[in-house]
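*Asks:* For reference, this is start.cif, and it has mmCIF, C-alpha atoms.
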```
data_input
#
loop_
_atom_site.group_PDB
_atom_site.id
_atom_site.type_symbol
_atom_site.label_atom_id
_atom_site.label_comp_id
_atom_site.auth_asym_id
_atom_site.auth_seq_id
_atom_site.Cartn_x
_atom_site.Cartn_y
_atom_site.Cartn_z
ATOM 1 C CA MET A 266 100.894 79.103 -1.139
ATOM 2 C CA ARG A 267 102.910 81.633 0.875
ATOM 3 C CA LYS A 268 103.296 79.207 3.769
ATOM 4 C CA ALA A 269 104.409 76.545 1.289
ATOM 5 C CA LEU A 270 107.102 78.991 0.158
ATOM 6 C CA VAL A 271 108.231 79.314 3.774
ATOM 7 C CA VAL A 272 108.418 75.519 4.109
ATOM 8 C CA ILE A 273 110.326 74.951 0.862
ATOM 9 C CA SER A 274 112.757 77.786 1.618
ATOM 10 C CA ALA A 275 113.358 76.281 5.077
ATOM 11 C CA LEU A 276 114.011 72.860 3.526
ATOM 12 C CA THR A 277 116.431 74.495 1.102
ATOM 13 C CA LEU A 278 118.250 76.127 3.998
ATOM 14 C CA VAL A 279 118.486 72.775 5.795
ATOM 15 C CA ALA A 280 119.874 71.135 2.642
ATOM 16 C CA PHE A 281 122.540 73.844 2.392
ATOM 17 C CA ALA A 282 123.484 73.390 6.070
ATOM 18 C CA LEU A 283 123.767 69.639 5.521
ATOM 19 C CA GLN A 284 125.970 70.311 2.499
ATOM 20 C CA PHE A 285 128.637 71.835 4.743
ATOM 21 C CA ILE A 286 128.368 68.870 7.114
ATOM 22 C CA PHE A 287 128.696 66.439 4.201
ATOM 23 C CA ALA A 288 131.778 68.324 2.952
ATOM 24 C CA ALA A 289 133.324 67.951 6.400
ATOM 25 C CA VAL A 290 132.474 64.233 6.408
ATOM 26 C CA GLY A 291 134.362 63.910 3.125
ATOM 27 C CA GLY A 292 137.269 65.966 4.368
ATOM 28 C CA PHE A 293 137.653 63.962 7.577
ATOM 29 C CA THR A 294 137.116 60.483 6.089
ATOM 30 C CA LYS A 295 140.284 58.426 6.421
ATOM 31 C CA PRO A 296 141.374 56.953 4.139
ATOM 32 C CA ALA A 297 139.723 59.334 1.706
ATOM 33 C CA GLY A 298 138.449 57.017 -1.012
ATOM 34 C CA ASP A 299 136.277 57.806 -4.005
ATOM 35 C CA GLY A 300 133.123 57.695 -1.862
ATOM 36 C CA ALA A 301 134.308 60.177 0.779
ATOM 37 C CA TYR A 302 132.259 62.974 -0.749
ATOM 38 C CA ALA A 303 129.299 60.845 -1.891
ATOM 39 C CA LEU A 304 126.771 62.542 0.427
ATOM 40 C CA HIS A 305 128.107 65.976 -0.541
ATOM 41 C CA SER A 306 127.822 65.092 -4.241
ATOM 42 C CA VAL A 307 124.294 63.651 -4.083
ATOM 43 C CA ASN A 308 122.979 66.526 -1.985
ATOM 44 C CA GLY A 309 124.717 69.152 -4.123
ATOM 45 C CA MET A 310 123.920 67.664 -7.521
ATOM 46 C CA ALA A 311 120.358 66.439 -6.889
ATOM 47 C CA VAL A 312 118.664 67.630 -3.701
ATOM 48 C CA ILE A 313 119.789 71.277 -3.628
ATOM 49 C CA PRO A 314 119.099 71.976 -7.332
ATOM 50 C CA VAL A 315 115.564 70.565 -7.025
ATOM 51 C CA LEU A 316 114.858 72.549 -3.859
ATOM 52 C CA THR A 317 116.201 75.810 -5.330
ATOM 53 C CA LEU A 318 114.027 75.389 -8.426
ATOM 54 C CA LEU A 319 111.001 74.592 -6.261
ATOM 55 C CA THR A 320 111.674 77.726 -4.220
ATOM 56 C CA VAL A 321 111.529 79.837 -7.384
ATOM 57 C CA LEU A 322 108.323 78.081 -8.480
ATOM 58 C CA PHE A 323 106.646 78.541 -5.084
ATOM 59 C CA ALA A 324 107.714 82.206 -4.971
ATOM 60 C CA ALA A 325 106.054 82.761 -8.346
ATOM 61 C CA LEU A 326 102.923 80.826 -7.346
ATOM 62 C CA ALA A 327 102.738 82.791 -4.078
ATOM 63 C CA LYS A 328 102.708 85.972 -6.168
ATOM 64 C CA ALA A 329 105.752 87.202 -4.278
ATOM 65 C CA PRO A 330 107.168 90.593 -5.223
ATOM 66 C CA GLY A 331 109.626 90.567 -8.106
ATOM 67 C CA ARG A 332 112.495 91.306 -5.750
ATOM 68 C CA LEU A 333 111.819 88.110 -3.773
ATOM 69 C CA ILE A 334 111.452 86.031 -6.935
ATOM 70 C CA GLY A 335 114.753 87.453 -8.196
ATOM 71 C CA LEU A 336 116.410 86.667 -4.886
ATOM 72 C CA ALA A 337 115.040 83.107 -5.111
ATOM 73 C CA VAL A 338 116.546 82.715 -8.608
ATOM 74 C CA LEU A 339 120.034 83.728 -7.464
ATOM 75 C CA PRO A 340 120.821 80.433 -5.640
ATOM 76 C CA VAL A 341 119.994 78.534 -8.843
ATOM 77 C CA GLY A 342 122.858 80.315 -10.594
ATOM 78 C CA LEU A 343 125.180 79.862 -7.636
ATOM 79 C CA VAL A 344 124.355 76.136 -7.556
ATOM 80 C CA VAL A 345 125.140 75.829 -11.274
ATOM 81 C CA LEU A 346 128.451 77.585 -10.658
ATOM 82 C CA GLN A 347 129.537 75.136 -7.906
ATOM 83 C CA PRO A 348 130.526 72.119 -10.062
ATOM 84 C CA LEU A 349 132.121 74.439 -12.614
ATOM 85 C CA ILE A 350 134.401 75.863 -9.915
ATOM 86 C CA ALA A 351 135.220 72.329 -8.713
ATOM 87 C CA MET A 352 136.043 71.153 -12.240
ATOM 88 C CA LEU A 353 138.204 74.194 -12.869
ATOM 89 C CA ALA A 354 140.077 73.623 -9.585
ATOM 90 C CA ASN A 355 140.647 69.963 -10.448
ATOM 91 C CA GLY A 356 141.822 70.997 -13.907
ATOM 92 C CA PHE A 357 144.806 72.732 -12.335
ATOM 93 C CA ALA A 358 146.229 69.542 -10.802
ATOM 94 C CA ASP A 359 149.718 68.646 -11.985
ATOM 95 C CA ALA A 360 150.481 65.763 -14.373
ATOM 96 C CA SER A 361 150.473 63.220 -11.520
ATOM 97 C CA GLY A 362 147.085 64.451 -10.234
ATOM 98 C CA VAL A 363 148.456 66.373 -7.250
ATOM 99 C CA SER A 364 146.762 69.655 -6.339
ATOM 100 C CA THR A 365 148.584 72.854 -7.205
ATOM 101 C CA PRO A 366 148.425 76.140 -5.279
ATOM 102 C CA LEU A 367 146.359 77.662 -8.100
ATOM 103 C CA GLY A 368 143.958 74.710 -8.083
ATOM 104 C CA LEU A 369 143.580 74.918 -4.313
ATOM 105 C CA THR A 370 142.933 78.668 -4.514
ATOM 106 C CA ILE A 371 140.236 78.102 -7.114
ATOM 107 C CA GLY A 372 138.863 75.276 -4.937
ATOM 108 C CA GLY A 373 138.531 77.786 -2.107
ATOM 109 C CA LEU A 374 136.144 79.734 -4.324
ATOM 110 C CA HIS A 375 133.885 76.665 -4.236
ATOM 111 C CA ALA A 376 133.556 77.097 -0.467
ATOM 112 C CA LEU A 377 133.131 80.871 -0.751
ATOM 113 C CA ASN A 378 130.391 80.458 -3.357
ATOM 114 C CA GLY A 379 128.641 78.016 -1.010
ATOM 115 C CA ILE A 380 128.779 80.533 1.823
ATOM 116 C CA ILE A 381 127.330 83.232 -0.437
ATOM 117 C CA ALA A 382 124.552 80.851 -1.523
ATOM 118 C CA VAL A 383 123.651 80.124 2.113
ATOM 119 C CA HIS A 384 123.385 83.839 2.868
ATOM 120 C CA VAL A 385 121.086 84.325 -0.121
ATOM 121 C CA VAL A 386 118.922 81.361 0.933
ATOM 122 C CA VAL A 387 118.664 82.836 4.448
ATOM 123 C CA GLY A 388 117.477 86.097 2.842
ATOM 124 C CA VAL A 389 114.896 84.225 0.763
ATOM 125 C CA HIS A 390 113.610 82.391 3.833
ATOM 126 C CA ARG A 391 113.349 85.614 5.870
ATOM 127 C CA ALA A 392 111.515 87.376 3.053
ATOM 128 C CA ALA A 393 109.181 84.379 2.629
ATOM 129 C CA ARG A 394 108.349 84.423 6.353
ATOM 130 C CA LYS A 395 107.650 88.132 6.154
ATOM 131 C CA LEU A 396 105.477 87.692 3.056
ATOM 132 C CA ALA A 397 103.491 84.957 4.811
ATOM 133 C CA GLY A 398 102.957 87.177 7.845
ATOM 134 C CA LEU A 399 105.006 84.946 10.127
ATOM 135 C CA VAL A 400 107.221 87.659 11.616
ATOM 136 C CA PRO A 401 106.406 89.777 14.668
ATOM 137 C CA ALA A 402 104.598 93.054 14.105
ATOM 138 C CA GLU A 403 106.733 96.172 13.754
ATOM 139 C CA ALA A 404 105.888 99.339 15.682
ATOM 140 C CA GLY A 405 102.275 98.354 16.370
ATOM 141 C CA VAL A 406 101.544 97.347 12.765
ATOM 142 C CA PRO A 407 99.899 93.911 12.491
ATOM 143 C CA ALA A 408 102.261 91.328 10.958
ATOM 144 C CA ARG A 409 100.078 90.826 7.861
ATOM 145 C CA GLU A 410 100.417 94.508 6.949
ATOM 146 C CA VAL A 411 104.230 94.591 7.054
ATOM 147 C CA GLU A 412 105.667 95.061 3.568
ATOM 148 C CA PRO A 413 107.902 92.197 2.326
ATOM 149 C CA ALA A 414 111.592 92.938 1.830
#
```
What is this structure when it is put down as structure tokens?
*Replies:*
Amino acid sequence: MRKALVVISALTLVAFALQFIFAAVGGFTKPAGDGAYALHSVNGMAVIPVLTLLTVLFAALAKAPGRLIGLAVLPVGLVVLQPLIAMLANGFADASGVSTPLGLTIGGLHALNGIIAVHVVVGVHRAARKLAGLVPAEAGVPAREVEPA
């Protein structure tokens, strides 16, 4: 089950990396129609939430330390926060639907929250690899005896 945690946390990390690519696809699509961010939306609203929940489930099933399970839960909250930030940013458009400086500033928090989520997912993946004994031994201690982060 610990190796399954490593796999699911790696898949989650890949999904987060793709999310940034899909955001760039939307940002560089010309003309930017309603479907410009379709890949970003599907990945962010379906794939990433499922993978983050599976990561928490696999961490619990792998009998990971509480600290790792807690770290695995954190991206779930950050993922829930993402559309709320986007809606709030869009709510600050002017009457004609044009972005305002305040709305754009809030929209920047959407990107910042995504960056934070990626860093947490990297931490989960590293801790999962360590828990599964897939990291090099430290100071002559066999890898399976290294304490998880």
*Asks:* Write out as a ChimeraX atom specification the residues lying within 8 Å of Gly372 (chain A), counting all atoms listed in the file and excluding same-chain residues fewer than 6 positions away.
*Replies:* /A:350-351,354-355
*Asks:* Using only C-alpha atoms, can you tell me which of A:Met352, A:Met266, A:Ala337, A:Val307 comes closest to Leu278 (chain A)?
*Replies:*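 Nearest candidate to Leu278 (chain A) out of A:Met352, A:Met266, A:Ala337, A:Val307: A:Ala337.
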*Asks:* Could you write out as a list in words the residues that the PyMOL selection byres ((chain A and resi 285) around 12) matches in the shown file?
*Replies:* Leu278, Val279, Ala280, Phe281, Ala282, Leu283, Gln284, Ile286, Phe287, Ala288, Ala289, Val290, Gly291, Gly292, Tyr302, Leu304, His305, Ser306, Asn308, Gly309, His375, Ala376, Leu377, Asn378, Gly379, Ile380, Ala382 and Val383 of chain A
*Asks:* To one decimal in Å, tell me the separation between CA of Ser364 (chain A) and CA of Leu349 (chain A).
*Replies:*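 So the two atoms, CA of Ser364 (chain A) and CA of Leu349 (chain A), lie 16.6 Å apart.
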*Asks:* Written as a list in words, what is the full residue list that the PyMOL selection byres ((chain A and resi 336) around 10) yields on the file shown?
*Replies:*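 Expected selection for the PyMOL selection byres ((chain A and resi 336) around 10) here is Val321, Ala324, Gly331, Arg332, Leu333, Ile334, Gly335, Ala337, Val338, Leu339, Pro340, Val341, Val385, Val386, Gly388, Val389 and Ala392 of chain A.
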*Asks:* Name the closest residue to Ala329 (chain A) among the candidates A:Leu369, A:Val271, A:Ser361, A:Pro314; distances are taken between atoms, counting only C-alpha atoms.
*Replies:*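 Of the candidates, the smallest distance to Ala329 (chain A) is held by A:Val271.
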*Asks:* Work out how far CA of Ala275 (chain A) is from CA of His390 (chain A), in Å to one decimal.
*Replies:*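 Going from CA of His390 (chain A) over to CA of Ala275 (chain A), I get 6.2 Å.
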*Asks:* The PyMOL selection byres ((chain A and resi 270) around 9) - which residues does that actually catch in the file I just gave you? List them as a compact mmCIF listing (two decimals) with C-alpha atoms, in the coordinates of the input.
*Replies:*
```txt
# COMPACT_ATOMS: atom_id res chain seq x y z
CA MET A 266 100.89 79.10 -1.14
CA ARG A 267 102.91 81.63 0.88
CA LYS A 268 103.30 79.21 3.77
CA ALA A 269 104.41 76.54 1.29
CA VAL A 271 108.23 79.31 3.77
CA VAL A 272 108.42 75.52 4.11
CA ILE A 273 110.33 74.95 0.86
CA SER A 274 112.76 77.79 1.62
CA ALA A 275 113.36 76.28 5.08
CA LEU A 319 111.00 74.59 -6.26
CA THR A 320 111.67 77.73 -4.22
CA VAL A 321 111.53 79.84 -7.38
CA LEU A 322 108.32 78.08 -8.48
CA PHE A 323 106.65 78.54 -5.08
CA ALA A 324 107.71 82.21 -4.97
CA LEU A 326 102.92 80.83 -7.35
CA ALA A 327 102.74 82.79 -4.08
CA HIS A 390 113.61 82.39 3.83
CA ALA A 393 109.18 84.38 2.63
CA ARG A 394 108.35 84.42 6.35
CA ALA A 397 103.49 84.96 4.81
```
